[in-house]
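Peer 1: Supplied structure: my_file.csv, CSV, C-alpha atoms.
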```
chain,number,residue,atom,x,y,z
G,1,MET,CA,-20.2,27.2,-44.7
G,2,ALA,CA,-18.5,25.2,-47.5
G,3,LYS,CA,-18.6,28.3,-49.6
G,4,LEU,CA,-17.2,30.4,-46.8
G,5,LEU,CA,-14.3,28.0,-46.3
G,6,GLY,CA,-13.7,27.7,-50.0
G,7,ILE,CA,-14.4,24.0,-50.0
G,8,GLN,CA,-16.1,22.7,-53.1
G,9,TYR,CA,-17.8,19.6,-51.6
G,10,ASN,CA,-20.3,20.0,-48.7
G,11,THR,CA,-19.5,16.6,-47.2
G,12,LEU,CA,-15.8,17.4,-47.0
G,13,ALA,CA,-16.6,20.7,-45.3
G,14,LEU,CA,-18.8,18.8,-42.8
G,15,ILE,CA,-15.9,16.4,-42.1
G,16,CYS,CA,-13.4,19.3,-41.6
G,17,VAL,CA,-15.7,21.1,-39.2
G,18,SER,CA,-16.4,17.9,-37.2
G,19,VAL,CA,-12.7,17.2,-36.9
G,20,PHE,CA,-12.1,20.7,-35.8
G,21,LEU,CA,-14.8,20.5,-33.1
G,22,PHE,CA,-13.4,17.1,-32.0
G,23,LEU,CA,-10.0,18.7,-31.5
G,24,VAL,CA,-11.5,21.6,-29.6
G,25,VAL,CA,-13.3,19.2,-27.3
G,26,PHE,CA,-10.3,17.1,-26.8
G,27,GLU,CA,-8.2,20.1,-25.9
G,28,LEU,CA,-10.8,21.2,-23.4
G,29,LEU,CA,-10.9,17.8,-21.8
G,30,THR,CA,-7.1,17.8,-21.5
G,31,ILE,CA,-7.3,21.1,-19.7
G,32,VAL,CA,-10.0,19.9,-17.4
G,33,SER,CA,-8.1,16.8,-16.6
G,34,VAL,CA,-4.9,18.7,-15.7
G,35,GLN,CA,-6.9,21.2,-13.6
G,36,ASP,CA,-8.6,18.2,-11.8
G,37,GLN,CA,-5.2,16.8,-10.9
G,38,LYS,CA,-4.1,20.2,-9.5
G,39,ILE,CA,-7.3,20.6,-7.5
G,40,THR,CA,-6.9,17.1,-6.0
G,41,ALA,CA,-3.3,17.8,-5.1
G,42,LEU,CA,-4.2,21.1,-3.5
G,43,ALA,CA,-7.1,19.6,-1.5
G,44,GLN,CA,-4.7,16.8,-0.2
G,45,LEU,CA,-2.0,19.3,0.8
G,46,VAL,CA,-4.5,21.6,2.5
G,47,ALA,CA,-5.9,18.7,4.5
G,48,ILE,CA,-2.4,17.6,5.6
G,49,LEU,CA,-1.5,21.2,6.6
G,50,MET,CA,-4.7,21.7,8.5
G,51,GLU,CA,-4.0,18.5,10.4
G,52,ARG,CA,-0.5,19.7,11.2
G,53,GLU,CA,-1.8,23.1,12.4
G,54,LYS,CA,-4.7,21.4,14.3
G,55,LEU,CA,-7.1,23.6,12.5
G,56,ALA,CA,-9.7,21.1,11.4
G,57,GLU,CA,-12.3,19.1,13.2
G,58,PRO,CA,-12.4,20.5,16.8
G,59,GLU,CA,-14.9,17.8,17.7
G,60,HIS,CA,-12.1,15.2,17.1
G,61,ARG,CA,-10.3,16.7,20.1
G,62,PRO,CA,-12.9,17.4,22.7
G,63,ASP,CA,-10.1,17.9,25.3
G,64,MET,CA,-8.7,20.8,23.3
G,65,ALA,CA,-12.2,22.2,22.8
G,66,LYS,CA,-12.8,22.1,26.5
G,67,THR,CA,-9.5,23.8,27.2
G,68,GLN,CA,-10.2,26.5,24.7
G,69,ALA,CA,-13.6,27.1,26.2
G,70,GLY,CA,-12.3,27.0,29.8
G,71,PRO,CA,-10.4,30.3,30.0
G,72,GLU,CA,-13.2,32.2,28.3
G,73,SER,CA,-16.0,31.1,30.7
C,1,MET,CA,4.6,-14.2,20.0
C,2,HIS,CA,7.4,-11.7,20.4
C,3,ARG,CA,6.3,-8.7,22.5
C,4,PRO,CA,8.2,-5.6,21.5
C,5,ASN,CA,10.2,-3.8,24.2
C,6,ARG,CA,8.1,-0.7,25.0
C,7,ILE,CA,11.1,1.4,26.3
C,8,ASN,CA,13.0,1.0,23.0
C,9,LEU,CA,10.0,1.6,20.9
C,10,GLN,CA,9.9,5.2,21.9
C,11,ILE,CA,13.5,5.9,20.9
C,12,HIS,CA,14.2,4.8,17.3
C,13,PRO,CA,12.3,1.9,15.8
C,14,ALA,CA,14.1,0.0,13.1
C,15,LYS,CA,11.5,1.0,10.4
C,16,ARG,CA,8.9,3.7,10.7
C,17,CYS,CA,5.6,2.2,9.7
C,18,LEU,CA,2.4,4.1,9.1
C,19,VAL,CA,-1.0,2.5,8.9
C,20,ILE,CA,-3.3,4.5,6.7
C,21,VAL,CA,-7.0,4.1,7.4
C,22,PRO,CA,-9.2,5.7,4.7
C,23,VAL,CA,-12.8,6.2,5.9
C,24,LEU,CA,-16.1,7.4,4.5
C,25,ASN,CA,-19.0,7.3,6.9
C,26,GLU,CA,-17.6,4.4,9.1
C,27,SER,CA,-18.8,5.7,12.4
C,28,GLY,CA,-20.0,2.2,13.4
C,29,SER,CA,-16.6,0.6,13.1
C,30,ILE,CA,-13.8,3.0,13.1
C,31,ARG,CA,-13.3,3.2,16.8
C,32,LYS,CA,-13.0,-0.5,17.2
C,33,VAL,CA,-10.6,-0.7,14.2
C,34,ILE,CA,-8.3,2.0,15.7
C,35,LEU,CA,-8.3,0.4,19.2
C,36,ARG,CA,-7.5,-3.0,17.7
C,37,LEU,CA,-4.6,-1.4,15.7
C,38,ARG,CA,-3.2,0.3,18.8
C,39,ARG,CA,-3.4,-2.9,20.8
C,40,ALA,CA,-1.9,-5.2,18.0
C,41,LEU,CA,0.7,-2.7,16.7
C,42,PRO,CA,1.7,-0.3,19.5
C,43,GLU,CA,4.9,0.7,17.7
C,44,TYR,CA,3.2,1.6,14.4
C,45,ASP,CA,1.7,5.1,13.8
C,46,VAL,CA,-1.8,5.3,12.6
C,47,LEU,CA,-3.4,8.0,10.3
C,48,VAL,CA,-7.0,8.3,9.6
C,49,VAL,CA,-7.9,9.9,6.3
C,50,ASP,CA,-11.5,11.2,6.3
C,51,ASP,CA,-12.8,11.3,2.7
C,52,GLY,CA,-15.7,13.8,3.4
C,53,SER,CA,-17.7,11.8,5.9
C,54,THR,CA,-21.1,13.3,6.6
C,55,ASP,CA,-21.7,11.4,9.9
C,56,ASP,CA,-19.7,11.5,13.1
C,57,THR,CA,-16.9,9.2,11.9
C,58,VAL,CA,-14.2,11.7,12.9
C,59,ARG,CA,-15.6,12.1,16.4
C,60,GLN,CA,-15.3,8.4,17.0
C,61,VAL,CA,-11.5,8.5,16.4
C,62,PRO,CA,-9.5,8.6,19.6
C,63,ALA,CA,-8.0,12.0,20.2
C,64,GLU,CA,-4.4,11.0,20.0
C,65,ILE,CA,-4.8,9.6,16.4
C,66,PRO,CA,-4.2,12.3,13.7
C,67,VAL,CA,-7.1,12.7,11.3
C,68,VAL,CA,-6.6,14.3,7.9
C,69,SER,CA,-10.0,15.5,6.8
C,70,LEU,CA,-10.3,16.2,3.1
C,71,PRO,CA,-12.4,19.2,2.3
C,72,PHE,CA,-14.6,17.2,-0.1
C,73,ASN,CA,-14.9,13.6,-1.3
C,74,LEU,CA,-12.0,12.6,-3.6
C,75,GLY,CA,-12.7,8.8,-3.7
C,76,ILE,CA,-10.6,6.0,-2.4
C,77,GLY,CA,-7.8,6.8,-4.7
C,78,GLY,CA,-7.6,10.4,-3.6
C,79,ALA,CA,-7.9,9.4,0.1
C,80,MET,CA,-5.1,6.9,-0.2
C,81,GLN,CA,-2.9,9.3,-2.1
C,82,THR,CA,-3.4,11.7,0.8
C,83,GLY,CA,-2.1,9.1,3.1
C,84,TYR,CA,0.9,8.3,0.9
C,85,ARG,CA,1.7,12.0,0.6
C,86,TYR,CA,1.6,12.2,4.4
C,87,ALA,CA,3.9,9.2,4.7
C,88,ALA,CA,6.3,10.7,2.2
C,89,LEU,CA,6.4,14.1,3.9
C,90,HIS,CA,7.0,12.5,7.3
C,91,GLY,CA,9.7,10.1,6.1
C,92,TYR,CA,8.0,6.8,6.7
C,93,ASP,CA,9.7,3.6,5.5
C,94,VAL,CA,6.5,1.5,5.2
C,95,ALA,CA,2.9,2.4,4.6
C,96,ILE,CA,0.1,-0.1,5.2
C,97,GLN,CA,-3.5,0.4,4.0
C,98,VAL,CA,-6.1,-0.9,6.4
C,99,ASP,CA,-9.8,-0.3,5.6
C,100,GLY,CA,-11.9,1.4,8.2
C,101,ASP,CA,-14.8,-1.0,8.0
C,102,GLY,CA,-13.2,-3.7,10.1
C,103,GLN,CA,-12.5,-6.2,7.3
C,104,HIS,CA,-8.8,-6.2,7.6
C,105,ARG,CA,-7.3,-7.8,10.7
C,106,PRO,CA,-4.7,-5.7,12.5
C,107,SER,CA,-3.0,-9.0,13.5
C,108,GLU,CA,-2.1,-9.6,9.9
C,109,VAL,CA,-0.4,-6.2,9.4
C,110,ARG,CA,2.8,-7.3,10.9
C,111,ARG,CA,2.9,-10.3,8.6
C,112,LEU,CA,2.5,-8.0,5.6
C,113,VAL,CA,5.4,-5.8,6.7
C,114,ASP,CA,7.6,-8.9,7.4
C,115,ALA,CA,6.7,-10.2,3.9
C,116,LEU,CA,8.0,-7.0,2.3
C,117,GLN,CA,11.5,-7.9,3.5
C,118,SER,CA,11.3,-11.7,3.3
C,119,GLN,CA,10.0,-11.7,-0.3
C,120,ASN,CA,12.2,-8.7,-1.2
C,121,VAL,CA,9.4,-6.8,-2.9
C,122,ASP,CA,8.2,-3.3,-3.1
C,123,LEU,CA,4.5,-4.0,-2.5
C,124,VAL,CA,2.8,-6.8,-0.8
C,125,VAL,CA,-0.9,-7.5,-1.4
C,126,GLY,CA,-2.8,-9.4,1.3
C,127,SER,CA,-4.9,-12.0,-0.5
C,128,ARG,CA,-8.1,-13.5,0.7
C,129,PHE,CA,-7.8,-16.4,-1.7
C,130,LEU,CA,-4.2,-17.4,-1.7
C,131,GLU,CA,-4.8,-19.9,1.1
C,132,GLU,CA,-7.9,-21.9,1.9
C,133,THR,CA,-10.2,-19.6,4.0
C,134,ARG,CA,-13.8,-19.3,5.1
C,135,TYR,CA,-14.1,-16.0,3.3
C,136,LYS,CA,-17.0,-16.1,0.9
C,137,GLN,CA,-17.9,-13.6,-1.9
C,138,SER,CA,-21.1,-13.1,-3.8
C,139,PHE,CA,-21.2,-14.5,-7.4
C,140,VAL,CA,-20.9,-11.1,-9.0
C,141,ARG,CA,-17.8,-10.1,-7.0
C,142,LYS,CA,-16.3,-13.6,-7.5
C,143,PHE,CA,-16.8,-13.4,-11.3
C,144,GLY,CA,-15.5,-9.8,-11.4
C,145,SER,CA,-12.4,-10.8,-9.5
C,146,LEU,CA,-11.8,-13.7,-11.8
C,147,VAL,CA,-12.1,-11.6,-14.9
C,148,LEU,CA,-9.7,-9.0,-13.5
C,149,ARG,CA,-7.3,-11.7,-12.4
C,150,LYS,CA,-7.1,-13.0,-16.0
C,151,ILE,CA,-6.7,-9.5,-17.4
C,152,ILE,CA,-3.9,-8.7,-15.0
C,153,ARG,CA,-2.2,-12.0,-15.8
C,154,THR,CA,-2.3,-11.2,-19.5
C,155,LEU,CA,-1.2,-7.6,-19.3
C,156,ALA,CA,1.2,-7.7,-16.4
C,157,GLY,CA,2.5,-11.2,-16.6
C,158,MET,CA,1.9,-12.0,-13.0
C,159,ASP,CA,-0.9,-14.1,-11.4
C,160,LEU,CA,-2.3,-12.4,-8.3
C,161,THR,CA,-5.1,-14.3,-6.7
C,162,ASP,CA,-6.7,-11.1,-5.2
C,163,CYS,CA,-5.9,-8.0,-7.2
C,164,THR,CA,-8.8,-6.0,-5.7
C,165,SER,CA,-7.6,-6.3,-2.2
C,166,GLY,CA,-7.0,-3.0,-0.4
C,167,PHE,CA,-4.9,-4.6,2.3
C,168,ARG,CA,-1.4,-3.9,1.2
C,169,ALA,CA,2.0,-2.7,2.4
C,170,ALA,CA,4.3,-0.5,0.4
C,171,ASN,CA,8.0,0.4,0.9
C,172,ARG,CA,9.5,3.8,0.7
C,173,LYS,CA,10.0,3.7,-3.1
C,174,VAL,CA,6.4,2.9,-3.7
C,175,ILE,CA,5.3,5.5,-1.1
C,176,LEU,CA,7.1,8.2,-3.1
C,177,ALA,CA,5.7,6.9,-6.4
C,178,PHE,CA,2.1,6.9,-5.0
C,179,ALA,CA,2.6,10.4,-3.5
C,180,HIS,CA,3.5,11.6,-7.0
C,181,TRP,CA,0.6,9.9,-8.8
C,182,TYR,CA,-2.1,7.4,-7.8
C,183,PRO,CA,-5.2,6.3,-9.8
C,184,GLU,CA,-8.4,7.9,-8.7
C,185,ASP,CA,-11.5,5.8,-8.9
C,186,TYR,CA,-10.7,2.0,-8.4
C,187,PRO,CA,-7.0,2.0,-7.9
C,188,GLU,CA,-6.3,-1.5,-6.6
C,189,PRO,CA,-6.0,-3.4,-9.9
C,190,GLU,CA,-4.6,-0.4,-11.9
C,191,VAL,CA,-1.8,0.0,-9.4
C,192,ILE,CA,-0.7,-3.7,-9.9
C,193,LEU,CA,-0.4,-3.3,-13.6
C,194,LEU,CA,1.3,0.1,-13.5
C,195,LEU,CA,3.8,-0.8,-10.8
C,196,ARG,CA,4.7,-4.0,-12.7
C,197,ARG,CA,5.2,-2.1,-15.9
C,198,ALA,CA,7.4,0.5,-14.1
C,199,GLY,CA,9.7,-2.3,-12.8
C,200,PHE,CA,8.5,-2.6,-9.2
C,201,GLN,CA,8.3,-6.0,-7.5
C,202,ILE,CA,5.0,-7.1,-6.2
C,203,GLY,CA,4.4,-10.0,-3.8
C,204,GLU,CA,1.3,-11.7,-2.3
C,205,LEU,CA,0.6,-13.0,1.1
C,206,GLY,CA,-2.4,-15.1,2.2
C,207,VAL,CA,-4.3,-13.3,5.0
C,208,ARG,CA,-7.5,-13.7,6.9
C,209,MET,CA,-10.2,-11.1,6.5
C,210,ARG,CA,-13.6,-10.5,8.1
C,211,HIS,CA,-16.7,-9.7,6.2
C,212,ARG,CA,-18.0,-6.2,6.4
C,213,ARG,CA,-20.1,-5.7,9.6
C,214,THR,CA,-21.1,-2.1,9.5
C,215,GLY,CA,-21.4,0.6,6.9
C,216,ARG,CA,-22.3,0.1,3.2
C,217,SER,CA,-19.9,-1.1,0.6
C,218,SER,CA,-19.3,1.4,-2.2
C,219,ILE,CA,-19.7,-1.4,-4.7
C,220,SER,CA,-23.4,-2.6,-5.2
C,221,LEU,CA,-24.6,-5.1,-7.8
C,222,LEU,CA,-25.0,-2.8,-10.7
C,223,ARG,CA,-21.9,-0.9,-9.8
C,224,GLY,CA,-20.1,-4.2,-9.6
C,225,VAL,CA,-20.8,-5.0,-13.3
C,226,PHE,CA,-19.9,-1.4,-14.3
C,227,TYR,CA,-16.8,-1.6,-12.1
C,228,VAL,CA,-15.5,-4.6,-14.1
C,229,LEU,CA,-16.2,-2.9,-17.4
C,230,LYS,CA,-14.6,0.4,-16.4
C,231,VAL,CA,-11.6,-1.3,-14.8
C,232,THR,CA,-11.0,-3.3,-18.0
C,233,VAL,CA,-11.0,-0.2,-20.1
C,234,CYS,CA,-8.7,1.6,-17.6
C,235,LEU,CA,-6.3,-1.3,-17.6
C,236,LEU,CA,-6.2,-1.3,-21.4
C,237,LEU,CA,-5.6,2.5,-21.4
C,238,ASP,CA,-2.9,2.1,-18.7
C,239,LEU,CA,-0.8,0.3,-21.3
C,240,ALA,CA,0.0,3.7,-22.7
C,241,ARG,CA,0.5,5.4,-19.4
C,242,ASP,CA,3.9,6.1,-17.6
C,243,PRO,CA,2.9,7.8,-14.4
C,244,TRP,CA,6.3,7.4,-12.6
C,245,PRO,CA,9.0,8.4,-15.0
C,246,SER,CA,12.4,8.1,-13.2
C,247,GLY,CA,13.2,11.8,-13.7
C,248,LYS,CA,10.0,13.1,-12.1
C,249,VAL,CA,9.8,11.1,-8.9
C,250,MET,CA,12.7,11.7,-6.5
C,251,TRP,CA,13.8,8.2,-5.5
C,252,HIS,CA,16.6,9.4,-3.3
C,253,GLU,CA,14.7,12.1,-1.5
C,254,HIS,CA,15.9,13.1,1.9
C,255,PRO,CA,13.0,13.0,4.2
C,256,PRO,CA,12.5,15.6,6.9
C,257,GLU,CA,14.3,14.9,10.2
C,258,ARG,CA,12.7,11.9,11.8
C,259,ILE,CA,10.8,12.4,15.0
C,260,PRO,CA,10.6,9.2,17.0
C,261,GLY,CA,7.1,8.1,17.9
C,262,ASP,CA,5.5,11.5,17.2
C,263,LEU,CA,3.8,12.5,14.0
C,264,ARG,CA,4.2,16.2,14.5
C,265,TRP,CA,6.9,18.1,12.7
C,266,PRO,CA,9.2,20.2,14.9
C,267,ALA,CA,8.3,23.8,15.6
C,268,PRO,CA,9.4,25.9,12.7
C,269,ALA,CA,12.7,27.6,13.2
C,270,ALA,CA,13.2,31.3,12.3
C,271,ASP,CA,14.9,30.4,9.0
C,272,HIS,CA,13.1,27.2,8.2
C,273,THR,CA,13.8,26.6,4.5
C,274,LYS,CA,12.8,23.0,4.0
C,275,THR,CA,10.3,22.4,1.3
C,276,ALA,CA,8.3,19.4,0.4
C,277,HIS,CA,9.1,17.7,-2.9
C,278,VAL,CA,5.8,15.8,-3.3
```
Could you write out this structure as structure tokens?

Peer 2:
Amino acid sequence: MAKLLGIQYNTLALICVSVFLFLVVFELLTIVSVQDQKITALAQLVAILMEREKLAEPEHRPDMAKTQAGPES
Amino acid sequence: MHRPNRINLQIHPAKRCLVIVPVLNESGSIRKVILRLRRALPEYDVLVVDDGSTDDTVRQVPAEIPVVSLPFNLGIGGAMQTGYRYAALHGYDVAIQVDGDGQHRPSEVRRLVDALQSQNVDLVVGSRFLEETRYKQSFVRKFGSLVLRKIIRTLAGMDLTDCTSGFRAANRKVILAFAHWYPEDYPEPEVILLLRRAGFQIGELGVRMRHRRTGRSSISLLRGVFYVLKVTVCLLLDLARDPWPSGKVMWHEHPPERIPGDLRWPAPAADHTKTAHV
């Protein structure tokens, strides 16, 4: 690899490759972190919207569940 | 004790207060906590944030209390931020965090809110240790609290006797900041340091708390030690963090039109163009 990169000393080549890989990992972790924040924000807003539209957890409102089942039976 | 006038409460209370109750598998205690809150604080709104409970916690909540159910577990930080987002979107002036395990006494909530004004601060932390109480902690938790207290005193320049307490009240400015960004894993001590560095004022009030009666604490013995180490690293990293830059968080945001007593937004008009800024 040192010959391919044109670097005379093998140790130096190893250090360069290690630094490169470290930067790649760091960049990927940064991307993952940003995406994680976006996912968290989306999950929170979806939950709030579902509460507003009364779409979630029908067992929390048994009165509504009975009302919805009533006309159908 | 002053009993609020029930007729006036339904019109326009002076400050709109939201009690945020984050829960994770607290089916044994949540109903009692909610009923106590409603009895002690009839003029306050209550919101339950379900952080992915796998038992019938949600079914124990009375039907008139709104429940925001997260699609998967986000941790205490994610659950609380959901509550603060909700408070910001609905235009609340004060948000109070009350745990769903029954440790926090609803009778102390009003004192927390009053302390926000009397101490002229942005966040008030209810402390178990500020005054002499019968509250006892295990040796590991006591040692961990002491270590964190000293770290916060060194880094933030303020001495909080209970920086891990989740019993706290925040004003509108802090609600907007938290809706914008909130630490994820163990936010209580991090928030103290970050708010202080961002220029917010933090106060403390001695409160009485109960010991956990039902459910299981998320902090066991081994996790307690790991918790102290992790929080210490997080606090040191927080020195380089600026989560609430003044340009990004809208301090003078105009909240949606206030609806007295009801948490529901009005039915959308044909040309409804309001958008949320959080």

Peer 1: When you look at Ile65 in chain C with a cut-off of 9 Å (counting all atoms listed in the file), what residues show up, excluding the ones that are within fewer than 6 positions of it in the same chain? I need them as a list of chain:residue names.

Peer 2: C:Ile34, C:Asp45, C:Val46, C:Leu47, C:Val48

Peer 1: Can you measure CA of Asp162 in chain C to CA of Leu41 in chain C for me? One decimal in Å is fine.

Peer 2: 24.6 Å

Peer 1: Specify as a ChimeraX atom specification all residues of chain C found within 9 Å of chain G, counting all atoms listed in the file.

Peer 2: /C:58-64,66-72,74,78-79,81-83,85-86,263-265

Peer 1: Compute the distance from (3.5, -0.8, -15.8) to each atom, counting all atoms listed in the file, keep the residues with any atom at most 8 Å away, and return them as number ranges by chain; use the coordinates of the file.

Peer 2: C: 156, 192-199, 238-239, 241-242

Peer 1: Using all atoms listed in the file for the distances, tell me which of C:Gly206, C:Trp244, C:Pro189, C:Asn25 is nearest to Leu148 in chain C.

Peer 2: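 Of the candidates, the smallest distance to Leu148 in chain C is held by C:Pro189.
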
Peer 1: Please compute the CA of Arg16 in chain C-CA of Gly100 in chain C distance, one decimal, in Å.

Peer 2: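 CA of Gly100 in chain C lies at a distance of 21.1 Å from CA of Arg16 in chain C.
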
Peer 1: Rounded to one decimal in Å, what is the spacing between CA of Val113 in chain C and CA of Phe167 in chain C?

Peer 2: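 Distance reported for this atom pair: 11.3 Å.
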
Peer 1: Rank C:Ala115, C:Gln103, C:Val140, C:Leu18 by their smallest atom-to-atom distance to Gly166 in chain C, using all atoms listed in the file, and report the top residue only.

Peer 2: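 Using all atoms listed in the file, Gly166 in chain C sits closest to C:Gln103.
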
Peer 1: In the coordinate frame of the file, compute which residues have an atom within 12 Å of (-21.7, -4.7, -12.0) when using all atoms listed in the file, and state them as a tab-separated table (two decimals) with C-alpha atoms, in the coordinates of the input.

Peer 2:
```
chain	number	residue	atom	x	y	z
C	138	SER	CA	-21.10	-13.10	-3.80
C	139	PHE	CA	-21.20	-14.50	-7.40
C	140	VAL	CA	-20.90	-11.10	-9.00
C	141	ARG	CA	-17.80	-10.10	-7.00
C	142	LYS	CA	-16.30	-13.60	-7.50
C	143	PHE	CA	-16.80	-13.40	-11.30
C	144	GLY	CA	-15.50	-9.80	-11.40
C	145	SER	CA	-12.40	-10.80	-9.50
C	218	SER	CA	-19.30	1.40	-2.20
C	219	ILE	CA	-19.70	-1.40	-4.70
C	220	SER	CA	-23.40	-2.60	-5.20
C	221	LEU	CA	-24.60	-5.10	-7.80
C	222	LEU	CA	-25.00	-2.80	-10.70
C	223	ARG	CA	-21.90	-0.90	-9.80
C	224	GLY	CA	-20.10	-4.20	-9.60
C	225	VAL	CA	-20.80	-5.00	-13.30
C	226	PHE	CA	-19.90	-1.40	-14.30
C	227	TYR	CA	-16.80	-1.60	-12.10
C	228	VAL	CA	-15.50	-4.60	-14.10
C	229	LEU	CA	-16.20	-2.90	-17.40
C	230	LYS	CA	-14.60	0.40	-16.40
C	231	VAL	CA	-11.60	-1.30	-14.80
```

Peer 1: Please list as a list in words every residue within 7 Å of Gly126 in chain C, counting all atoms listed in the file and excluding residues in the same chain fewer than 6 positions away.

Peer 2: Leu112, Ser165, Phe167, Arg168, Glu204, Leu205, Gly206 and Val207 of chain C

Peer 1: Which residues are near Ser29 in chain C? Cut-off 6 Å, all atoms listed in the file, ignore same chain within fewer than 3 positions. Put them as number ranges by chain.

Peer 2: C: 26, 32, 101
